[in-house]
Amino acid sequence: MIAQTAEACVPVPFAGPGAGTAPLTWGQKAIMQDMRETGWTHNVSGANPMPAGITVEQVAAQLSDLMGRHPALRMRLGTDDRGRPCQVVSASGELPLDVVDVPDDADPADVATYAYQLGHFRLLTPYDLHRDWSVRMAVVRHRGALVHRVLTLDHLVVDGTATALLMADLGLVDLAARRTPDPRTVQLLDLGRREETPPLRRVSDRAVRHWEAHLRSIPPLTFGGPGEPGGRQGRRYWHGRFSSPAAYLAVQAIARRTRTDTSRVLLAVIAVAVGRATGVSPLTAKLIVGNRFRPGFAEAIAPLSQNGVLTVDTADTTVDEVVSRARRAAVAAGKYAYYDPAQLEELTARLDGERGHPARVTCRINDRRVVTRRAAEEGARDDRVTADLIRRRAAETFLVWDGALDHLHEQVFITVEDQPETVYLQVIFDFACFTEAQAERLLRGVEEVAVEAAFDPDTPTRVTPGSTGD
C-alpha cells in the first residue's frame, strides 16, 4: 500500500450569475433533518479515473467553469433577518483544487485503492456550509500524470440526479438519455422563494394529508421493538452489500410481462422478501422520490429528493399482483412526496399526541439508479432473458457485511445502487430488530422471489403475516 504522499493546493477562482439570498428549500430542510436524526454527513463522494494527458490547469479550468455555471454550487448557509437559516449564493469566490502526489514506485492498483479511500474519507468528513464551499475536488498524480479525480459534494446542494448531471458536465459519466436543456429549469434560490408561495403551500398541504392517511394507524415501529441486545458480533448496526445478476435478469423478465418498469418490480420484490423474512404485511415504508417529473425540475442542480410513503400488502396473493399494487402505491407516493418537512413534523407530533405514543416508519427504500436505469429498462423490452441465462448468473451472487455503525435512525435502509447488470443493494440493518438469519434471508429473498416469478405469473408470495420464517 502507499506509505506517503505529498499534497499541494491550487487556488481556483470562479464567478457566475445568480447571486442572492432565499429561504431554505424543502429538499434542503429534509436533508438537514436526516443529518440531525442519523448523525451522518450525507456527503456525495467518489473517485473516477482520469483520461490520459489531462493537466492540472485543465482540471482547474473545468472546476472554475462548473462553479460559474451552476449557482447552487456557490451556495452557503446564512441567517436571515428573522434569525432563521437561509441560503446565500455568492457571485464569485475561490476554492482549492488539491493535487496529491503518490510515490512513483506505487503499484497502480494501490493508487486506485488510495483514491477510493480518499473519496471515502471525504464522504465522512463534515462540511461547515456557513464557511465552506459545497464542492471539494482532488486529483491524484502518479509518475507525473493525473490518474484519478476525487469529487465530493455537500448533499444540501445536490441529490443523486443532480450529481449525475454535474459528473456528465465533467465528462465522468455519459448520460445518453439526458434531455435538451430546459429553459424552465429552476435555480436553487428561486426554488426556495417559490416554496413560500400559496400555490406550493397547497401542494404541501395535500402531501401531508396523504402522509396522515398512512401514518394514523401504523405500529410504533415497522419491525417491532428491539429484542435481545448483542446484535452481530456485539454491534447493533451493520452495513453490507448484496449483488445479484440473476435477480437483475429476472426483474427485467417480470417487468416485460407486467408492462411496468424495473423500479416498480424491484419495490414489489423487496416488499415480498421483507414479508417472507419478517412476517410484516402490509408493509408501510418510506420511498425516496426524486421529484424530477415536475416542470423545471429535470435538470435542476438542487436536492429535490424527499421521502414518500406507501403501503403494500403482500400476503395471500401472487407476486404479479404485488407488482400491480406496488406500481399504484409508488405513483401515489411520488405524487405526494413534495412537501415542507416542518409541516410533516407538526403532523407526526399531533398524531403521537393522539395515539399516546410515538410511531415511526422505520423501513426506507431508495432506488438511486441514474446512469444504469436506461439500460435496465431497455433490457425489459426484449425477450432475450431466459431461465437458463438466469441460472448461469446465479453463481455470481454475493453478500458481504462491510462493518458496524454507531447509529441508525431506521431499522432497515435498502438502497438500489447504480451498478450495471446486477441488482446491487447497499443495506443497513438494526440487528437488535433482525437476526442475522432474517437479514440474510431478506436479502437472498430478493433474488429468490424475482427468480421464482420471472416466468410464472401465478407465483405465490408465500407471505404469512406474523411469521418470521424461522
# chains A, B, ... in the order shown; residues from 1 in each chain; ligands from 1

$ residues_around --residues "Thr348 in chain A" --least-positions-apart "6" --cutoff "12 Å" --atoms "only C-alpha atoms" --output "list of chain:residue names"
A:Val208, A:Arg209, A:Trp211, A:Glu212, A:Ala213, A:His214, A:Leu215, A:Arg216, A:Ser217, A:Ile218, A:Pro220, A:Pro341, A:Ala342, A:Glu354, A:Arg355, A:Gly356, A:His357, A:Pro358, A:Ala359, A:Arg360, A:Val361

$ select_by_dssp --residues "range 19-184 of chain A" --states "alpha helix (DSSP H)" --output "PyMOL selection string"
chain A and resi 26-38+56-69+108-123+160-169

$ residues_around --residues "range 95-97 of chain A" --least-positions-apart "4" --cutoff "9 Å" --atoms "only C-alpha atoms" --output "ChimeraX atom specification"
/A:8-14,56,59-60,63-64,132-133,135-139

$ write_last_selection --atoms "C-alpha atoms" --output "PDB file, in the first residue's frame"
ATOM      1  CA  ALA A   8      -0.443  20.877  -2.814  1.00  0.00           C
ATOM      2  CA  CYS A   9      -3.391  23.223  -3.261  1.00  0.00           C
ATOM      3  CA  VAL A  10      -4.054  25.097  -6.478  1.00  0.00           C
ATOM      4  CA  PRO A  11      -6.358  28.110  -5.927  1.00  0.00           C
ATOM      5  CA  VAL A  12      -9.284  28.115  -8.357  1.00  0.00           C
ATOM      6  CA  PRO A  13     -11.129  31.434  -8.737  1.00  0.00           C
ATOM      7  CA  PHE A  14     -14.684  31.395 -10.094  1.00  0.00           C
ATOM      8  CA  VAL A  56      -3.809  20.265 -13.537  1.00  0.00           C
ATOM      9  CA  VAL A  59      -8.878  20.364 -14.336  1.00  0.00           C
ATOM     10  CA  ALA A  60      -8.743  23.750 -12.592  1.00  0.00           C
ATOM     11  CA  LEU A  63     -13.770  23.270 -11.904  1.00  0.00           C
ATOM     12  CA  SER A  64     -13.916  27.037 -12.342  1.00  0.00           C
ATOM     13  CA  ASP A 132     -17.025  26.075   3.180  1.00  0.00           C
ATOM     14  CA  TRP A 133     -17.981  25.782  -0.467  1.00  0.00           C
ATOM     15  CA  VAL A 135     -17.579  21.309  -3.772  1.00  0.00           C
ATOM     16  CA  ARG A 136     -14.310  19.611  -2.885  1.00  0.00           C
ATOM     17  CA  MET A 137     -12.066  18.228  -5.601  1.00  0.00           C
ATOM     18  CA  ALA A 138      -8.735  16.457  -5.563  1.00  0.00           C
ATOM     19  CA  VAL A 139      -6.600  14.892  -8.285  1.00  0.00           C
TER      20      VAL A 139
END

$ closest_residue --among "A:Ala268, A:Ala207, A:Val157, A:Ala19" --to "Leu344 in chain A" --atoms "only C-alpha atoms"
A:Ala207

$ residues_around --residues "range 369-371 of chain A" --least-positions-apart "3" --cutoff "12 Å" --atoms "only C-alpha atoms" --output "MDAnalysis selection string"
chainID A and resid 159:165 167:168 172:178 262:263 266 288:290 292 366 374:377 415:425

$ write_last_selection --atoms "N, CA and C atoms" --output "compact mmCIF listing (two decimals), in the first residue's frame"
# COMPACT_ATOMS: atom_id res chain seq x y z
N ASP A 159 -28.77 16.14 -5.18
CA ASP A 159 -29.23 14.78 -4.91
C ASP A 159 -28.56 13.87 -5.93
N GLY A 160 -29.04 12.63 -6.06
CA GLY A 160 -28.39 11.70 -6.98
C GLY A 160 -28.42 12.15 -8.42
N THR A 161 -29.57 12.66 -8.87
CA THR A 161 -29.68 13.10 -10.26
C THR A 161 -28.81 14.32 -10.52
N ALA A 162 -28.84 15.28 -9.60
CA ALA A 162 -28.00 16.47 -9.77
C ALA A 162 -26.53 16.09 -9.81
N THR A 163 -26.14 15.12 -8.99
CA THR A 163 -24.76 14.65 -9.01
C THR A 163 -24.39 14.07 -10.36
N ALA A 164 -25.28 13.25 -10.92
CA ALA A 164 -25.02 12.66 -12.24
C ALA A 164 -24.92 13.74 -13.31
N LEU A 165 -25.75 14.78 -13.22
CA LEU A 165 -25.69 15.87 -14.19
C LEU A 165 -24.35 16.60 -14.11
N MET A 167 -21.53 15.32 -12.94
CA MET A 167 -20.49 14.40 -13.42
C MET A 167 -20.49 14.34 -14.95
N ALA A 168 -21.68 14.43 -15.55
CA ALA A 168 -21.74 14.47 -17.02
C ALA A 168 -21.08 15.75 -17.54
N LEU A 172 -17.41 12.65 -16.63
CA LEU A 172 -17.17 11.46 -15.81
C LEU A 172 -18.17 10.35 -16.08
N VAL A 173 -19.36 10.70 -16.53
CA VAL A 173 -20.35 9.71 -16.92
C VAL A 173 -20.99 10.17 -18.22
N ASP A 174 -21.60 9.22 -18.90
CA ASP A 174 -22.29 9.52 -20.16
C ASP A 174 -23.79 9.35 -19.92
N LEU A 175 -24.49 10.46 -19.83
CA LEU A 175 -25.94 10.40 -19.68
C LEU A 175 -26.56 10.42 -21.07
N ALA A 176 -26.68 9.22 -21.66
CA ALA A 176 -27.17 9.12 -23.04
C ALA A 176 -28.59 9.65 -23.17
N ALA A 177 -29.35 9.54 -22.09
CA ALA A 177 -30.75 9.95 -22.16
C ALA A 177 -30.96 11.40 -21.70
N ARG A 178 -29.86 12.13 -21.50
CA ARG A 178 -30.01 13.50 -20.99
C ARG A 178 -30.82 14.34 -21.97
N THR A 262 -38.62 -1.38 -14.09
CA THR A 262 -37.87 -2.20 -13.15
C THR A 262 -37.92 -1.65 -11.72
N SER A 263 -38.11 -0.34 -11.56
CA SER A 263 -38.20 0.22 -10.21
C SER A 263 -39.40 -0.33 -9.47
N LEU A 266 -38.77 -3.99 -8.63
CA LEU A 266 -37.85 -4.11 -7.50
C LEU A 266 -38.54 -3.79 -6.19
N ILE A 288 -37.76 6.95 -1.20
CA ILE A 288 -37.16 8.22 -1.59
C ILE A 288 -37.54 8.51 -3.04
N VAL A 289 -38.13 9.67 -3.24
CA VAL A 289 -38.69 10.07 -4.54
C VAL A 289 -37.89 11.25 -5.08
N GLY A 290 -37.51 11.17 -6.34
CA GLY A 290 -36.66 12.20 -6.93
C GLY A 290 -37.35 13.51 -7.23
N ARG A 292 -38.35 14.63 -9.91
CA ARG A 292 -37.83 15.24 -11.14
C ARG A 292 -38.88 15.37 -12.23
N ASN A 366 -34.58 3.10 -1.32
CA ASN A 366 -34.11 4.16 -2.21
C ASN A 366 -33.54 3.54 -3.48
N ARG A 374 -31.47 3.37 -17.72
CA ARG A 374 -31.94 3.26 -19.10
C ARG A 374 -31.65 1.87 -19.66
N ALA A 375 -30.45 1.34 -19.41
CA ALA A 375 -30.09 0.01 -19.90
C ALA A 375 -30.99 -1.05 -19.29
N ALA A 376 -31.33 -0.89 -18.01
CA ALA A 376 -32.22 -1.86 -17.36
C ALA A 376 -33.60 -1.86 -18.01
N GLU A 377 -34.11 -0.67 -18.32
CA GLU A 377 -35.44 -0.61 -18.94
C GLU A 377 -35.42 -1.13 -20.37
N THR A 415 -30.84 0.43 -0.32
CA THR A 415 -30.57 1.31 -1.45
C THR A 415 -30.20 0.48 -2.67
N VAL A 416 -30.88 0.73 -3.80
CA VAL A 416 -30.52 0.10 -5.07
C VAL A 416 -29.47 1.00 -5.72
N GLU A 417 -28.26 0.47 -5.88
CA GLU A 417 -27.14 1.28 -6.35
C GLU A 417 -27.03 1.27 -7.87
N ASP A 418 -26.30 2.27 -8.37
CA ASP A 418 -26.13 2.49 -9.80
C ASP A 418 -25.00 1.60 -10.34
N GLN A 419 -25.21 0.29 -10.32
CA GLN A 419 -24.22 -0.66 -10.82
C GLN A 419 -24.80 -1.40 -12.02
N PRO A 420 -24.03 -1.60 -13.08
CA PRO A 420 -24.57 -2.20 -14.30
C PRO A 420 -24.81 -3.70 -14.17
N GLU A 421 -25.91 -4.16 -14.78
CA GLU A 421 -26.21 -5.57 -14.99
C GLU A 421 -26.26 -6.40 -13.71
N THR A 422 -26.70 -5.78 -12.63
CA THR A 422 -26.92 -6.51 -11.39
C THR A 422 -27.89 -5.73 -10.53
N VAL A 423 -28.63 -6.43 -9.68
CA VAL A 423 -29.35 -5.77 -8.59
C VAL A 423 -28.35 -5.65 -7.45
N TYR A 424 -27.88 -4.44 -7.23
CA TYR A 424 -26.82 -4.18 -6.27
C TYR A 424 -27.41 -3.36 -5.13
N LEU A 425 -27.50 -3.96 -3.96
CA LEU A 425 -28.14 -3.33 -2.81
C LEU A 425 -27.11 -2.97 -1.76

$ select_by_dssp --residues "range 105-277 of chain A" --states "strand (DSSP E or B)" --output "JSON, numbers by chain"
{"A": [135, 136, 137, 138, 139, 140, 141, 142, 145, 146, 147, 148, 149, 150, 151, 152, 153, 232, 235, 237, 238, 239, 240, 241, 242, 243, 244]}

$ write_last_selection --atoms "C-alpha atoms" --output "JSON list (two decimals), in the first residue's frame"
[["chain", "number", "residue", "atom", "x", "y", "z"],
["A", 135, "VAL", "CA", -17.58, 21.31, -3.77],
["A", 136, "ARG", "CA", -14.31, 19.61, -2.89],
["A", 137, "MET", "CA", -12.07, 18.23, -5.60],
["A", 138, "ALA", "CA", -8.74, 16.46, -5.56],
["A", 139, "VAL", "CA", -6.60, 14.89, -8.28],
["A", 140, "VAL", "CA", -4.14, 12.08, -7.69],
["A", 141, "ARG", "CA", -0.86, 12.30, -9.65],
["A", 142, "HIS", "CA", 1.28, 9.23, -10.24],
["A", 145, "ALA", "CA", 0.34, 12.01, -14.78],
["A", 146, "LEU", "CA", -3.07, 12.70, -13.29],
["A", 147, "VAL", "CA", -4.74, 9.31, -12.84],
["A", 148, "HIS", "CA", -7.77, 9.81, -10.56],
["A", 149, "ARG", "CA", -10.16, 12.59, -9.63],
["A", 150, "VAL", "CA", -11.99, 12.65, -6.28],
["A", 151, "LEU", "CA", -15.17, 14.72, -6.31],
["A", 152, "THR", "CA", -17.12, 15.44, -3.12],
["A", 153, "LEU", "CA", -20.37, 17.39, -2.91],
["A", 232, "ARG", "CA", -23.94, -9.04, 15.19],
["A", 235, "ARG", "CA", -22.52, -4.48, 17.48],
["A", 237, "TYR", "CA", -25.99, -1.55, 13.43],
["A", 238, "TRP", "CA", -24.32, -3.06, 10.36],
["A", 239, "HIS", "CA", -23.98, -2.13, 6.72],
["A", 240, "GLY", "CA", -23.37, -4.54, 3.86],
["A", 241, "ARG", "CA", -23.71, -5.21, 0.14],
["A", 242, "PHE", "CA", -25.77, -7.71, -1.80],
["A", 243, "SER", "CA", -25.33, -8.22, -5.55],
["A", 244, "SER", "CA", -27.38, -10.49, -7.83]]

$ residues_around --residues "Tyr127 in chain A" --least-positions-apart "2" --cutoff "12 Å" --atoms "only C-alpha atoms" --output "list in words"
Met35, Trp40, Thr41, His42, Asn43, Val44, Arg76, Leu77, Arg122, Leu123, Leu124, Thr125, Leu129, His130, Arg131, Asp132, Trp133, Ser134, Val135, Arg136, Thr152, Leu153, Asp154, His155 and Leu156 of chain A

$ write_last_selection --atoms "N, CA and C atoms" --output "short mmCIF file (atom, residue, chain, number, x, y, z; two decimals), in the first residue's frame"
data_model
loop_
_atom_site.label_atom_id
_atom_site.label_comp_id
_atom_site.auth_asym_id
_atom_site.auth_seq_id
_atom_site.Cartn_x
_atom_site.Cartn_y
_atom_site.Cartn_z
N MET A 35 -29.71 14.65 8.57
CA MET A 35 -28.41 14.80 9.22
C MET A 35 -28.57 14.81 10.75
N TRP A 40 -25.13 11.44 10.29
CA TRP A 40 -24.26 11.22 9.14
C TRP A 40 -24.06 12.53 8.38
N THR A 41 -22.95 12.60 7.62
CA THR A 41 -22.69 13.79 6.82
C THR A 41 -23.61 13.87 5.61
N HIS A 42 -23.98 12.72 5.05
CA HIS A 42 -24.77 12.65 3.82
C HIS A 42 -24.05 13.31 2.64
N ASN A 43 -22.72 13.41 2.71
CA ASN A 43 -21.97 13.88 1.55
C ASN A 43 -22.12 12.90 0.39
N VAL A 44 -21.84 13.39 -0.80
CA VAL A 44 -21.76 12.56 -2.00
C VAL A 44 -20.30 12.59 -2.43
N ARG A 76 -23.92 28.91 0.16
CA ARG A 76 -23.53 28.62 1.54
C ARG A 76 -24.69 29.01 2.45
N LEU A 77 -24.65 28.55 3.68
CA LEU A 77 -25.72 28.84 4.62
C LEU A 77 -25.50 30.19 5.29
N ARG A 122 -13.45 11.57 2.52
CA ARG A 122 -14.16 12.84 2.32
C ARG A 122 -15.68 12.66 2.41
N LEU A 123 -16.15 11.47 2.10
CA LEU A 123 -17.57 11.16 2.28
C LEU A 123 -17.97 11.36 3.74
N LEU A 124 -17.07 11.01 4.65
CA LEU A 124 -17.37 11.04 6.08
C LEU A 124 -16.95 12.33 6.77
N THR A 125 -16.31 13.24 6.01
CA THR A 125 -15.81 14.48 6.61
C THR A 125 -16.88 15.57 6.54
N LEU A 129 -21.08 24.51 6.00
CA LEU A 129 -21.53 25.31 4.85
C LEU A 129 -21.80 26.77 5.20
N HIS A 130 -21.59 27.15 6.45
CA HIS A 130 -21.57 28.59 6.73
C HIS A 130 -20.25 29.20 6.27
N ARG A 131 -19.25 28.31 6.09
CA ARG A 131 -17.91 28.78 5.73
C ARG A 131 -17.38 28.14 4.45
N ASP A 132 -17.60 26.83 4.29
CA ASP A 132 -17.02 26.08 3.18
C ASP A 132 -17.88 26.17 1.92
N TRP A 133 -17.24 25.97 0.77
CA TRP A 133 -17.98 25.78 -0.47
C TRP A 133 -18.46 24.34 -0.53
N SER A 134 -19.49 24.10 -1.31
CA SER A 134 -20.12 22.78 -1.32
C SER A 134 -19.34 21.76 -2.14
N VAL A 135 -18.35 22.20 -2.90
CA VAL A 135 -17.58 21.31 -3.77
C VAL A 135 -16.16 21.15 -3.23
N ARG A 136 -15.71 19.90 -3.18
CA ARG A 136 -14.31 19.61 -2.89
C ARG A 136 -13.80 18.71 -4.00
N THR A 152 -16.25 15.51 -4.29
CA THR A 152 -17.12 15.44 -3.12
C THR A 152 -18.06 16.63 -3.13
N LEU A 153 -19.34 16.36 -2.88
CA LEU A 153 -20.37 17.39 -2.91
C LEU A 153 -21.19 17.33 -1.63
N ASP A 154 -21.59 18.47 -1.14
CA ASP A 154 -22.48 18.51 0.00
C ASP A 154 -23.91 18.23 -0.45
N HIS A 155 -24.59 17.38 0.31
CA HIS A 155 -25.93 16.94 -0.07
C HIS A 155 -26.95 18.09 -0.01
N LEU A 156 -26.61 19.20 0.62
CA LEU A 156 -27.54 20.33 0.68
C LEU A 156 -27.68 21.04 -0.65
#

$ closest_residue --among "A:Val319, A:Leu189, A:Leu200, A:Val446" --to "Pro245 in chain A" --atoms "only C-alpha atoms"
A:Val446

$ closest_residue --among "A:Arg84, A:Arg276, A:Arg325, A:Arg201" --to "Thr468 in chain A" --atoms "only C-alpha atoms"
A:Arg276

$ residues_around --residues "range 180-184 of chain A" --least-positions-apart "2" --cutoff "8 Å" --atoms "only C-alpha atoms" --output "PyMOL selection string"
chain A and resi 178+186+295-296+299

$ write_last_selection --atoms "N, CA and C atoms" --output "short mmCIF file (atom, residue, chain, number, x, y, z; two decimals), in the first residue's frame"
data_model
loop_
_atom_site.label_atom_id
_atom_site.label_comp_id
_atom_site.auth_asym_id
_atom_site.auth_seq_id
_atom_site.Cartn_x
_atom_site.Cartn_y
_atom_site.Cartn_z
N ARG A 178 -29.86 12.13 -21.50
CA ARG A 178 -30.01 13.50 -20.99
C ARG A 178 -30.82 14.34 -21.97
N VAL A 186 -35.31 25.34 -12.87
CA VAL A 186 -35.36 26.21 -11.70
C VAL A 186 -33.99 26.23 -11.03
N PRO A 295 -42.42 20.23 -13.53
CA PRO A 295 -41.90 21.18 -14.52
C PRO A 295 -40.70 21.96 -14.00
N GLY A 296 -39.63 21.99 -14.80
CA GLY A 296 -38.44 22.74 -14.45
C GLY A 296 -37.49 22.04 -13.50
N GLU A 299 -33.58 19.07 -14.88
CA GLU A 299 -32.16 19.40 -15.00
C GLU A 299 -31.67 20.28 -13.85
#

$ closest_residue --among "A:Ser467, A:Asp382, A:Thr185, A:Pro49" --to "Gly279 in chain A" --atoms "only C-alpha atoms"
A:Ser467

$ closest_residue --among "A:Ile254, A:Ala115, A:Ala247, A:Leu166" --to "Ala395 in chain A" --atoms "only C-alpha atoms"
A:Ala247

$ atom_distance --atom1 "CA of Gly224 in chain A" --atom2 "CA of Thr311 in chain A"
16.8 Å
